[in-house]
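Listing of final_18.cif; format and content: mmCIF, C-alpha atoms.
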data_run
#
loop_
_atom_site.label_atom_id
_atom_site.label_comp_id
_atom_site.auth_asym_id
_atom_site.auth_seq_id
_atom_site.Cartn_x
_atom_site.Cartn_y
_atom_site.Cartn_z
CA MET A 1 50.24 -32.52 -12.04
CA ARG A 2 50.40 -29.80 -14.66
CA GLU A 3 47.10 -30.94 -16.17
CA GLU A 4 45.44 -31.06 -12.77
CA PHE A 5 46.67 -27.57 -12.03
CA GLN A 6 45.25 -26.32 -15.32
CA ALA A 7 41.92 -27.97 -14.50
CA ASP A 8 41.90 -26.27 -11.08
CA LEU A 9 42.67 -22.95 -12.69
CA ASN A 10 39.88 -23.42 -15.23
CA GLU A 11 37.46 -24.09 -12.41
CA VAL A 12 38.58 -20.91 -10.61
CA THR A 13 38.15 -18.91 -13.83
CA ARG A 14 34.70 -20.42 -14.36
CA LEU A 15 33.69 -19.26 -10.86
CA LEU A 16 35.09 -15.77 -11.50
CA VAL A 17 33.16 -15.49 -14.76
CA THR A 18 29.96 -16.52 -12.96
CA MET A 19 30.64 -13.87 -10.32
CA ALA A 20 31.32 -11.22 -12.96
CA GLU A 21 28.09 -12.07 -14.78
CA GLY A 22 26.28 -11.94 -11.46
CA VAL A 23 27.48 -8.46 -10.52
CA ARG A 24 26.75 -7.22 -14.04
CA THR A 25 23.13 -8.37 -13.73
CA ALA A 26 23.06 -6.92 -10.21
CA LEU A 27 23.99 -3.41 -11.37
CA ARG A 28 21.52 -3.62 -14.26
CA ASN A 29 18.69 -4.50 -11.92
CA ALA A 30 19.81 -1.94 -9.36
CA THR A 31 19.80 0.77 -12.02
CA THR A 32 16.34 -0.26 -13.19
CA ALA A 33 15.21 -0.09 -9.57
CA LEU A 34 16.80 3.33 -9.19
CA LEU A 35 15.44 4.91 -12.35
CA THR A 36 11.95 3.39 -12.40
CA ALA A 37 11.30 2.85 -8.65
CA ASP A 38 10.98 -0.89 -9.41
CA LEU A 39 10.85 -2.56 -6.00
CA LYS A 40 11.05 -6.13 -7.31
CA ALA A 41 14.21 -5.39 -9.28
CA ALA A 42 15.78 -3.89 -6.14
CA GLU A 43 14.84 -6.86 -4.00
CA SER A 44 16.24 -9.32 -6.53
CA VAL A 45 19.63 -7.59 -6.28
CA ILE A 46 19.71 -8.07 -2.53
CA GLU A 47 18.55 -11.69 -2.72
CA ARG A 48 21.08 -12.60 -5.37
CA ASP A 49 24.03 -10.93 -3.65
CA VAL A 50 23.98 -13.89 -1.28
CA GLU A 51 24.72 -16.15 -4.27
CA ILE A 52 27.62 -13.94 -5.34
CA ASP A 53 29.06 -14.07 -1.83
CA ALA A 54 28.71 -17.85 -1.86
CA ILE A 55 30.71 -18.12 -5.11
CA TYR A 56 33.32 -15.78 -3.62
CA SER A 57 33.66 -18.21 -0.77
CA GLN A 58 34.00 -21.10 -3.27
CA VAL A 59 36.82 -19.26 -5.05
CA GLU A 60 38.67 -18.91 -1.75
CA THR A 61 38.24 -22.58 -0.94
CA LYS A 62 39.25 -23.67 -4.43
CA VAL A 63 42.36 -21.45 -4.39
CA ALA A 64 43.46 -22.71 -0.96
CA ASP A 65 42.81 -26.27 -2.11
CA THR A 66 44.81 -25.73 -5.30
CA ILE A 67 47.77 -24.26 -3.41
CA ALA A 68 47.71 -27.09 -0.88
CA ARG A 69 47.45 -29.91 -3.44
CA GLN A 70 49.57 -28.56 -6.29
CA ALA A 71 52.12 -26.42 -4.41
CA PRO A 72 52.41 -24.03 -7.35
CA VAL A 73 55.44 -21.74 -7.58
CA ALA A 74 56.48 -18.71 -9.65
CA SER A 75 53.93 -17.63 -12.25
CA ASP A 76 51.51 -20.44 -11.34
CA LEU A 77 51.41 -19.24 -7.76
CA ARG A 78 51.06 -15.65 -8.91
CA MET A 79 48.07 -16.71 -10.97
CA VAL A 80 46.12 -18.28 -8.12
CA ILE A 81 46.87 -15.42 -5.71
CA THR A 82 45.73 -12.94 -8.36
CA ALA A 83 42.48 -14.91 -8.66
CA LEU A 84 41.90 -14.21 -4.96
CA HIS A 85 42.32 -10.46 -5.49
CA ILE A 86 40.07 -10.50 -8.53
CA SER A 87 37.32 -12.32 -6.65
CA ALA A 88 37.53 -9.76 -3.81
CA ASP A 89 37.11 -6.91 -6.33
CA ILE A 90 34.13 -8.57 -8.03
CA GLU A 91 32.51 -9.39 -4.68
CA ARG A 92 32.75 -5.72 -3.77
CA MET A 93 31.14 -4.71 -7.07
CA GLY A 94 28.16 -6.84 -5.99
CA ASP A 95 28.01 -4.98 -2.66
CA LEU A 96 28.00 -1.64 -4.46
CA ALA A 97 25.15 -2.73 -6.75
CA GLU A 98 23.34 -3.73 -3.57
CA HIS A 99 23.90 -0.24 -2.12
CA VAL A 100 22.26 1.27 -5.21
CA ALA A 101 19.31 -1.13 -4.85
CA LYS A 102 18.96 -0.28 -1.15
CA THR A 103 18.82 3.43 -1.94
CA ALA A 104 15.98 2.73 -4.39
CA ILE A 105 14.14 0.74 -1.71
CA ARG A 106 14.63 3.43 0.92
CA ARG A 107 12.97 6.05 -1.30
CA HIS A 108 10.25 3.77 -2.71
CA PRO A 109 7.57 4.52 -3.94
CA SER A 110 9.22 7.88 -4.74
CA PRO A 111 11.98 7.69 -7.32
CA ALA A 112 15.36 7.98 -5.60
CA VAL A 113 16.75 10.41 -8.17
CA PRO A 114 14.97 13.41 -9.67
CA ALA A 115 14.45 13.66 -13.45
CA GLU A 116 17.40 16.08 -13.82
CA LEU A 117 19.88 13.46 -12.61
CA ARG A 118 18.49 10.43 -14.42
CA PRO A 119 20.44 10.92 -17.69
CA VAL A 120 23.70 11.05 -15.72
CA PHE A 121 22.97 7.85 -13.83
CA LYS A 122 21.76 6.16 -17.01
CA LYS A 123 25.06 7.02 -18.66
CA MET A 124 27.15 5.93 -15.64
CA ALA A 125 25.24 2.65 -15.51
CA GLU A 126 25.77 2.02 -19.24
CA VAL A 127 29.53 2.53 -18.99
CA ALA A 128 29.75 0.46 -15.80
CA ASP A 129 27.71 -2.30 -17.46
CA ALA A 130 30.04 -2.36 -20.45
CA MET A 131 33.02 -2.53 -18.06
CA ALA A 132 31.53 -5.52 -16.25
CA GLY A 133 30.98 -7.13 -19.66
CA GLU A 134 34.63 -6.58 -20.58
CA ILE A 135 35.74 -8.24 -17.37
CA THR A 136 33.79 -11.36 -18.21
CA LYS A 137 35.46 -11.50 -21.63
CA LEU A 138 38.90 -10.73 -20.19
CA LEU A 139 38.66 -13.51 -17.63
CA ALA A 140 38.10 -16.00 -20.43
CA HIS A 141 40.69 -14.42 -22.75
CA PRO A 142 43.16 -12.17 -20.89
CA ASP A 143 44.40 -9.36 -23.14
CA ALA A 144 46.56 -6.53 -21.79
CA GLU A 145 45.31 -4.00 -24.32
CA LEU A 146 41.66 -4.69 -23.63
CA ALA A 147 42.33 -4.56 -19.88
CA ALA A 148 43.96 -1.16 -20.26
CA ALA A 149 40.86 0.05 -22.13
CA LEU A 150 38.97 -0.28 -18.85
CA GLU A 151 40.88 2.79 -17.66
CA THR A 152 39.49 4.82 -20.54
CA ALA A 153 35.98 3.67 -19.70
CA ASP A 154 36.61 4.63 -16.09
CA ASP A 155 37.47 8.18 -17.19
CA LYS A 156 33.97 8.41 -18.68
CA ILE A 157 32.48 7.48 -15.32
CA ASP A 158 34.56 10.17 -13.64
CA ASP A 159 33.35 12.70 -16.24
CA GLN A 160 29.75 11.75 -15.46
CA GLU A 161 30.41 12.06 -11.74
CA ARG A 162 31.71 15.59 -12.31
CA GLU A 163 28.60 16.34 -14.38
CA LEU A 164 26.47 15.02 -11.53
CA PHE A 165 28.13 17.40 -9.07
CA ARG A 166 27.86 20.29 -11.52
CA ILE A 167 24.08 19.83 -11.67
CA MET A 168 23.64 19.41 -7.93
CA LEU A 169 25.85 22.38 -7.05
CA ALA A 170 24.24 24.79 -9.54
CA ASP A 171 22.53 27.82 -8.02
CA ASP A 172 19.17 26.70 -9.38
CA TRP A 173 19.32 23.17 -7.81
CA PRO A 174 15.79 22.91 -6.47
CA TYR A 175 15.95 19.76 -4.33
CA GLY A 176 17.86 20.62 -1.18
CA ALA A 177 20.26 18.61 0.91
CA GLU A 178 18.61 15.16 1.07
CA THR A 179 18.42 14.59 -2.68
CA ALA A 180 21.94 15.98 -3.10
CA ILE A 181 23.27 13.56 -0.48
CA ASP A 182 21.54 10.63 -2.19
CA GLY A 183 22.91 11.77 -5.53
CA ALA A 184 26.47 12.10 -4.25
CA LEU A 185 26.46 8.72 -2.54
CA LEU A 186 24.89 7.01 -5.57
CA GLY A 187 27.50 8.64 -7.79
CA ARG A 188 30.16 7.24 -5.52
CA PHE A 189 28.68 3.73 -5.67
CA TYR A 190 28.85 3.69 -9.49
CA GLU A 191 32.30 5.23 -9.46
CA ARG A 192 33.61 2.64 -6.99
CA TYR A 193 31.99 -0.18 -9.00
CA ALA A 194 33.94 1.05 -12.03
CA ASP A 195 37.16 1.40 -9.97
CA HIS A 196 36.94 -2.24 -8.95
CA ALA A 197 36.41 -3.19 -12.59
CA VAL A 198 39.62 -1.30 -13.43
CA ASN A 199 41.38 -3.14 -10.60
CA VAL A 200 40.31 -6.47 -12.08
CA GLY A 201 41.74 -5.35 -15.42
CA ALA A 202 44.99 -4.27 -13.72
CA GLN A 203 45.28 -7.66 -12.01
CA LEU A 204 44.78 -9.39 -15.35
CA VAL A 205 47.48 -7.21 -16.94
CA TYR A 206 49.76 -8.20 -14.08
CA LEU A 207 49.01 -11.85 -14.81
CA ILE A 208 49.85 -11.48 -18.48
CA THR A 209 52.78 -9.10 -18.37
CA GLY A 210 54.06 -9.20 -14.80
CA ASP A 211 53.76 -5.40 -14.66
CA LYS A 212 52.32 -4.14 -11.43
CA VAL A 213 49.63 -1.55 -12.05
CA THR A 214 48.85 0.78 -9.17
CA GLY A 215 45.38 0.20 -7.74
CA GLN A 216 42.62 2.78 -7.68
CA SER A 217 42.26 4.85 -4.60
CA MET B 1 61.04 -25.88 8.18
CA ARG B 2 58.53 -25.19 10.94
CA GLU B 3 60.84 -22.62 12.50
CA GLU B 4 61.45 -20.95 9.17
CA PHE B 5 57.71 -20.79 8.56
CA GLN B 6 57.19 -19.19 11.96
CA ALA B 7 59.89 -16.63 11.18
CA ASP B 8 58.20 -15.83 7.86
CA LEU B 9 54.87 -15.43 9.61
CA ASN B 10 56.41 -13.14 12.22
CA GLU B 11 57.81 -10.97 9.46
CA VAL B 12 54.37 -10.77 7.78
CA THR B 13 52.79 -9.82 11.12
CA ARG B 14 55.44 -7.18 11.68
CA LEU B 15 54.62 -5.64 8.31
CA LEU B 16 50.88 -5.73 9.06
CA VAL B 17 51.42 -4.00 12.41
CA THR B 18 53.48 -1.29 10.68
CA MET B 19 50.68 -0.83 8.15
CA ALA B 20 48.04 -0.65 10.89
CA GLU B 21 50.07 1.95 12.78
CA GLY B 22 50.49 3.87 9.54
CA VAL B 23 46.78 4.05 8.76
CA ARG B 24 46.02 4.99 12.35
CA THR B 25 48.39 7.96 12.10
CA ALA B 26 46.94 8.74 8.68
CA LEU B 27 43.39 9.07 9.98
CA ARG B 28 44.57 11.14 12.95
CA ASN B 29 46.34 13.59 10.66
CA ALA B 30 43.46 13.60 8.20
CA THR B 31 41.03 14.44 11.01
CA THR B 32 43.29 17.24 12.24
CA ALA B 33 43.41 18.55 8.68
CA LEU B 34 39.63 18.31 8.42
CA LEU B 35 38.76 19.97 11.70
CA THR B 36 41.44 22.67 11.79
CA ALA B 37 42.06 23.28 8.05
CA ASP B 38 45.67 22.20 8.61
CA LEU B 39 47.17 21.90 5.14
CA LYS B 40 50.46 20.37 6.26
CA ALA B 41 48.70 17.59 8.15
CA ALA B 42 46.61 16.84 5.04
CA GLU B 43 49.65 16.74 2.79
CA SER B 44 51.53 14.43 5.14
CA VAL B 45 48.66 11.90 4.84
CA ILE B 46 48.96 11.85 1.07
CA GLU B 47 52.76 11.61 1.11
CA ARG B 48 52.77 8.80 3.62
CA ASP B 49 50.09 6.75 1.90
CA VAL B 50 52.79 5.85 -0.63
CA GLU B 51 54.73 4.19 2.21
CA ILE B 52 51.66 2.22 3.29
CA ASP B 53 51.13 1.02 -0.27
CA ALA B 54 54.78 -0.02 -0.42
CA ILE B 55 54.42 -2.14 2.72
CA TYR B 56 51.24 -3.66 1.28
CA SER B 57 53.29 -4.71 -1.71
CA GLN B 58 55.93 -6.18 0.62
CA VAL B 59 53.27 -8.26 2.39
CA GLU B 60 52.15 -9.68 -0.96
CA THR B 61 55.71 -10.56 -1.94
CA LYS B 62 56.49 -12.07 1.45
CA VAL B 63 53.30 -14.18 1.42
CA ALA B 64 53.96 -15.47 -2.11
CA ASP B 65 57.55 -16.20 -1.12
CA THR B 66 56.43 -18.04 2.01
CA ILE B 67 53.93 -20.18 0.10
CA ALA B 68 56.49 -21.00 -2.58
CA ARG B 69 59.29 -21.90 -0.15
CA GLN B 70 57.38 -23.54 2.69
CA ALA B 71 54.39 -25.04 0.82
CA PRO B 72 52.18 -24.61 3.88
CA VAL B 73 48.95 -26.63 4.12
CA ALA B 74 45.81 -26.61 6.29
CA SER B 75 45.82 -23.98 9.04
CA ASP B 76 49.28 -22.69 8.07
CA LEU B 77 48.07 -21.98 4.56
CA ARG B 78 44.91 -20.41 5.93
CA MET B 79 47.04 -18.12 8.03
CA VAL B 80 49.11 -16.73 5.17
CA ILE B 81 46.10 -16.28 2.89
CA THR B 82 44.29 -14.47 5.70
CA ALA B 83 47.29 -12.16 6.01
CA LEU B 84 46.73 -11.16 2.38
CA HIS B 85 43.11 -10.25 3.09
CA ILE B 86 44.07 -8.31 6.20
CA SER B 87 46.68 -6.29 4.33
CA ALA B 88 44.12 -5.43 1.63
CA ASP B 89 41.72 -4.14 4.29
CA ILE B 90 44.39 -2.07 6.01
CA GLU B 91 45.63 -0.67 2.69
CA ARG B 92 42.08 0.47 1.95
CA MET B 93 41.86 2.16 5.37
CA GLY B 94 44.87 4.23 4.29
CA ASP B 95 43.08 5.22 1.07
CA LEU B 96 40.04 6.33 3.04
CA ALA B 97 42.16 8.47 5.37
CA GLU B 98 43.64 9.97 2.21
CA HIS B 99 40.14 10.79 0.93
CA VAL B 100 39.44 12.69 4.15
CA ALA B 101 42.72 14.59 3.76
CA LYS B 102 41.94 15.42 0.14
CA THR B 103 38.56 16.84 1.10
CA ALA B 104 40.32 19.11 3.62
CA ILE B 105 42.75 20.24 0.91
CA ARG B 106 39.96 20.89 -1.59
CA ARG B 107 38.21 23.27 0.83
CA HIS B 108 41.36 24.92 2.21
CA PRO B 109 41.66 27.61 3.56
CA SER B 110 37.98 27.24 4.48
CA PRO B 111 37.25 24.46 6.95
CA ALA B 112 35.67 21.51 5.12
CA VAL B 113 33.01 20.95 7.77
CA PRO B 114 30.92 23.62 9.47
CA ALA B 115 31.00 23.99 13.26
CA GLU B 116 27.70 22.10 13.66
CA LEU B 117 29.20 18.92 12.24
CA ARG B 118 32.58 19.04 13.94
CA PRO B 119 31.55 17.23 17.15
CA VAL B 120 30.16 14.33 15.09
CA PHE B 121 33.35 13.96 13.06
CA LYS B 122 35.46 14.33 16.18
CA LYS B 123 33.53 11.45 17.76
CA MET B 124 33.68 9.28 14.62
CA ALA B 125 37.42 9.88 14.39
CA GLU B 126 37.94 8.96 18.05
CA VAL B 127 36.11 5.66 17.69
CA ALA B 128 37.85 4.86 14.39
CA ASP B 129 41.21 5.69 15.98
CA ALA B 130 40.52 3.34 18.88
CA MET B 131 39.53 0.63 16.39
CA ALA B 132 42.78 1.04 14.47
CA GLY B 133 44.61 0.79 17.81
CA GLU B 134 42.79 -2.46 18.62
CA ILE B 135 43.82 -3.93 15.29
CA THR B 136 47.47 -3.26 16.04
CA LYS B 137 47.10 -5.05 19.37
CA LEU B 138 45.11 -7.91 17.86
CA LEU B 139 47.69 -8.55 15.17
CA ALA B 140 50.31 -9.05 17.84
CA HIS B 141 47.98 -11.04 20.14
CA PRO B 142 44.94 -12.45 18.32
CA ASP B 143 41.93 -12.70 20.66
CA ALA B 144 38.47 -13.62 19.39
CA GLU B 145 36.65 -11.67 22.10
CA LEU B 146 38.59 -8.48 21.48
CA ALA B 147 38.11 -8.86 17.73
CA ALA B 148 34.36 -9.18 18.23
CA ALA B 149 34.42 -5.96 20.28
CA LEU B 150 35.29 -4.14 17.07
CA GLU B 151 31.71 -4.77 15.96
CA THR B 152 30.43 -2.89 18.99
CA ALA B 153 32.74 0.02 18.24
CA ASP B 154 31.49 -0.03 14.64
CA ASP B 155 27.91 0.40 15.91
CA LYS B 156 29.02 3.66 17.52
CA ILE B 157 30.31 4.89 14.18
CA ASP B 158 26.98 4.00 12.57
CA ASP B 159 25.16 5.91 15.34
CA GLN B 160 27.30 8.95 14.65
CA GLU B 161 26.67 8.66 10.92
CA ARG B 162 22.93 8.69 11.63
CA GLU B 163 23.40 11.75 13.84
CA LEU B 164 25.33 13.41 11.00
CA PHE B 165 22.42 12.84 8.61
CA ARG B 166 19.92 14.02 11.23
CA ILE B 167 21.71 17.35 11.47
CA MET B 168 22.13 17.80 7.74
CA LEU B 169 18.54 16.85 6.93
CA ALA B 170 16.96 19.09 9.59
CA ASP B 171 14.69 21.85 8.28
CA ASP B 172 17.02 24.50 9.70
CA TRP B 173 20.18 23.18 7.95
CA PRO B 174 21.65 26.46 6.72
CA TYR B 175 24.46 25.27 4.43
CA GLY B 176 22.88 23.94 1.26
CA ALA B 177 23.80 21.08 -1.01
CA GLU B 178 27.59 21.42 -1.28
CA THR B 179 28.32 21.20 2.43
CA ALA B 180 25.77 18.39 2.80
CA ILE B 181 27.46 16.41 0.02
CA ASP B 182 30.87 16.89 1.64
CA GLY B 183 29.43 15.86 4.99
CA ALA B 184 27.79 12.72 3.60
CA LEU B 185 30.89 11.60 1.71
CA LEU B 186 33.14 12.29 4.70
CA GLY B 187 30.74 10.33 6.91
CA ARG B 188 31.01 7.46 4.48
CA PHE B 189 34.83 7.58 4.50
CA TYR B 190 34.94 7.21 8.30
CA GLU B 191 32.25 4.53 8.22
CA ARG B 192 34.11 2.51 5.58
CA TYR B 193 37.38 2.91 7.51
CA ALA B 194 35.64 1.38 10.52
CA ASP B 195 34.07 -1.39 8.36
CA HIS B 196 37.50 -2.44 7.16
CA ALA B 197 38.72 -2.48 10.76
CA VAL B 198 35.82 -4.84 11.59
CA ASN B 199 36.80 -7.00 8.61
CA VAL B 200 40.34 -7.27 9.95
CA GLY B 201 38.87 -8.37 13.28
CA ALA B 202 36.65 -10.92 11.52
CA GLN B 203 39.63 -12.33 9.62
CA LEU B 204 41.54 -12.66 12.88
CA VAL B 205 38.60 -14.47 14.50
CA TYR B 206 38.61 -16.79 11.50
CA LEU B 207 42.29 -17.44 12.05
CA ILE B 208 41.79 -18.27 15.70
CA THR B 209 38.52 -20.16 15.62
CA GLY B 210 38.04 -21.20 11.99
CA ASP B 211 34.60 -19.56 12.06
CA LYS B 212 33.81 -17.59 8.95
CA VAL B 213 32.40 -14.19 9.83
CA THR B 214 30.41 -12.46 7.10
CA GLY B 215 32.15 -9.37 5.79
CA GLN B 216 30.73 -5.87 5.99
CA SER B 217 28.82 -4.63 3.00
#
How does this structure look as structure tokens?
Amino acid sequence: MREEFQADLNEVTRLLVTMAEGVRTALRNATTALLTADLKAAESVIERDVEIDAIYSQVETKVADTIARQAPVASDLRMVITALHISADIERMGDLAEHVAKTAIRRHPSPAVPAELRPVFKKMAEVADAMAGEITKLLAHPDAELAAALETADDKIDDQERELFRIMLADDWPYGAETAIDGALLGRFYERYADHAVNVGAQLVYLITGDKVTGQS
Amino acid sequence: MREEFQADLNEVTRLLVTMAEGVRTALRNATTALLTADLKAAESVIERDVEIDAIYSQVETKVADTIARQAPVASDLRMVITALHISADIERMGDLAEHVAKTAIRRHPSPAVPAELRPVFKKMAEVADAMAGEITKLLAHPDAELAAALETADDKIDDQERELFRIMLADDWPYGAETAIDGALLGRFYERYADHAVNVGAQLVYLITGDKVTGQS
């Protein structure tokens, strides 16, 4: 029974890692689409989000199946329920990458962000990409310290979001309301992507230590 | 065993209804704060979100406890796992109401939205409030048809969001980037609140009919 449970758990983890890799690629392609008005990159994000959703659904089925067959209790049960939460966070990261891609498509062939904002988005995307990479590693080898480091990375995203607003709200902002709205919403998509990455880290800390970490709001 | 399981489920439902009522009140107060620059209303939303988060945590504990003690399978297991998803959606609705309240606080004593946008937000808030009310009813008496009606209500929110953008992107928009950014983000908070309400409806349909409804992205 114990061995079977471990095998089930390994399968769940394998699915979560695949999801995490998927949403990392998604945000990379979405950022390329955003910064270089690359329509194909944007479309690939939307096409491949269907695959991520399908794996999400597999995680749910596998978890329900594991609970039904193995009747786990205590920390084993906590582990499989946490897997459900983690998959929901990763699935949402995929949606947010898709939102970025859709913004790029809506403005195509114009670039969705003006030159002044591109360094900020490039930086946000780099940090978010590293965070998605950490999640993949953490899922394979949970480590409370590494998970907590996601919070520090998230602070960098918040700094960049403030920088974004500083530029858009300056007196000499030349682009008017539409570009500012796009900028603000895009900033929020990256920021939320990072928040969900932090949530995944917090869930993993909970798994390891049993300490409940308050979610991002 | 069966009776005990039913009692557990009733307790989970009771908690979900309390959460749903809480996030309904939260959005009402947040909207009051937004439209009338009412600082006390805004602060009450933030204070009471802690209570909603606490109930969310109780749902999680109760669900884990129910699975561990009753070892439910098949549709019983589906029901308790669905309750977890529903509580996550409702918890997020509370966070979004809090975001609205925080925007009102940030602009206080100025009103956060100019007069031109107030009718749109008033309308969005009315529809979102009705949706939160439907959820409370649906939790007590699941009904696939009523749950599906949430989708129709959500379309109204989307219409209002389009109207919001139409006003802000008009050539004669007099308020510049900052007010447009606030308007766009606020529009998104209401829209996401409504999306989560639709998700709750979809989860309830799944409970009743077993049909998987695709989540909102």
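Contact shell of A:Val23 at 7 Å (only C-alpha atoms; same-chain neighbours under 4 positions omitted): Met19, Leu27, Met93 and Gly94 of chain A.
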Q.
Neighbouring residues of stretch 113-116 of chain A were defined as those with any atom within 9 Å, considering only C-alpha atoms; residues of the same chain fewer than 5 positions away were excluded. Please report them as a ChimeraX atom specification.
A. /A:34-35,104,107,121,167,175,179,182-183
Chain B contacts to chain A at 10 Å (all atoms listed in the file) as a tab-separated table (two decimals) with C-alpha atoms, in the coordinates of the input:
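Full text of iface.tsv as output:
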chain	number	residue	atom	x	y	z
B	53	ASP	CA	51.13	1.02	-0.27
B	57	SER	CA	53.29	-4.71	-1.71
B	60	GLU	CA	52.15	-9.68	-0.96
B	61	THR	CA	55.71	-10.56	-1.94
B	63	VAL	CA	53.30	-14.18	1.42
B	64	ALA	CA	53.96	-15.47	-2.11
B	65	ASP	CA	57.55	-16.20	-1.12
B	67	ILE	CA	53.93	-20.18	0.10
B	68	ALA	CA	56.49	-21.00	-2.58
B	69	ARG	CA	59.29	-21.90	-0.15
B	70	GLN	CA	57.38	-23.54	2.69
B	71	ALA	CA	54.39	-25.04	0.82
B	72	PRO	CA	52.18	-24.61	3.88
B	73	VAL	CA	48.95	-26.63	4.12
B	74	ALA	CA	45.81	-26.61	6.29
B	77	LEU	CA	48.07	-21.98	4.56
B	78	ARG	CA	44.91	-20.41	5.93
B	81	ILE	CA	46.10	-16.28	2.89
B	84	LEU	CA	46.73	-11.16	2.38
B	85	HIS	CA	43.11	-10.25	3.09
B	88	ALA	CA	44.12	-5.43	1.63
B	91	GLU	CA	45.63	-0.67	2.69
B	92	ARG	CA	42.08	0.47	1.95
B	94	GLY	CA	44.87	4.23	4.29
B	95	ASP	CA	43.08	5.22	1.07
B	96	LEU	CA	40.04	6.33	3.04
B	98	GLU	CA	43.64	9.97	2.21
B	99	HIS	CA	40.14	10.79	0.93
B	165	PHE	CA	22.42	12.84	8.61
B	168	MET	CA	22.13	17.80	7.74
B	169	LEU	CA	18.54	16.85	6.93
B	170	ALA	CA	16.96	19.09	9.59
B	171	ASP	CA	14.69	21.85	8.28
B	173	TRP	CA	20.18	23.18	7.95
B	174	PRO	CA	21.65	26.46	6.72
B	175	TYR	CA	24.46	25.27	4.43
B	176	GLY	CA	22.88	23.94	1.26
B	177	ALA	CA	23.80	21.08	-1.01
B	178	GLU	CA	27.59	21.42	-1.28
B	179	THR	CA	28.32	21.20	2.43
B	180	ALA	CA	25.77	18.39	2.80
B	181	ILE	CA	27.46	16.41	0.02
B	182	ASP	CA	30.87	16.89	1.64
B	183	GLY	CA	29.43	15.86	4.99
B	184	ALA	CA	27.79	12.72	3.60
B	185	LEU	CA	30.89	11.60	1.71
B	188	ARG	CA	31.01	7.46	4.48
B	212	LYS	CA	33.81	-17.59	8.95
B	214	THR	CA	30.41	-12.46	7.10
B	215	GLY	CA	32.15	-9.37	5.79
B	216	GLN	CA	30.73	-5.87	5.99
B	217	SER	CA	28.82	-4.63	3.00
Q: Name every residue that the PyMOL selection byres ((chain A and resi 197) around 8) selects in this structure, writing the answer as a PyMOL selection string with chains first and numbers rising.
A: chain A and resi 89-90+93+131-132+135+150+193-196+198-201
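Going from atom CA of B:Gly22 to atom CA of B:Thr136 covers 10.1 Å.
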Q. Which value, in Å to one decimal, gives the distance between atom CA of B:Asp172 and atom CA of B:Leu117?
A.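 Computed distance, atom CA of B:Asp172 to atom CA of B:Leu117, equals 13.6 Å.
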Q: Go through B:Leu186, B:Val17, B:Val80, B:Val12 one by one, measure the shortest atom-to-atom distance of each to B:Ala140 using only C-alpha atoms, and give the residue with the smallest value.
A: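 That would be B:Val17, the residue with the smallest distance to B:Ala140.
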Q | Expansion of the PyMOL selection byres ((chain B and resi 32) around 12) into residues, as a PyMOL selection string | A | chain B and resi 25-31+33-45+97+100-101+104-105+111-113+118+121-122+125-126
**Q.** A:Pro142 surroundings by only C-alpha atoms, 8 Å radius, close-in-sequence under 5 positions cut, as a list of chain:residue names
**A.**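 Non-adjacent residues within range: A:Lys137, A:Ala147, A:Leu204, A:Val205, A:Ile208.
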Q. If you measure from atom CA of A:Asp143 to atom CA of B:Tyr56, what distance in Å do you get, rounded to one decimal?
A.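 Going from atom CA of A:Asp143 over to atom CA of B:Tyr56 covers 26.0 Å.
Between B:Leu146 and the residues B:Ala202, B:Glu163, B:Ala54, B:Lys123, the shortest atom-to-atom distance, using only C-alpha atoms, involves B:Ala202.
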Q. Of the candidates A:Val127, A:Asp49, A:Arg14, A:Leu207, which shows the shortest atom-to-atom distance to A:Thr82, using all atoms listed in the file?
A. A:Leu207
Q | Distance criterion (all atoms listed in the file): nearest to A:Gly187 out of A:Leu138, A:Ala149, A:Ala144, A:Val120 | A |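 Selected residue with least distance to A:Gly187: A:Val120.
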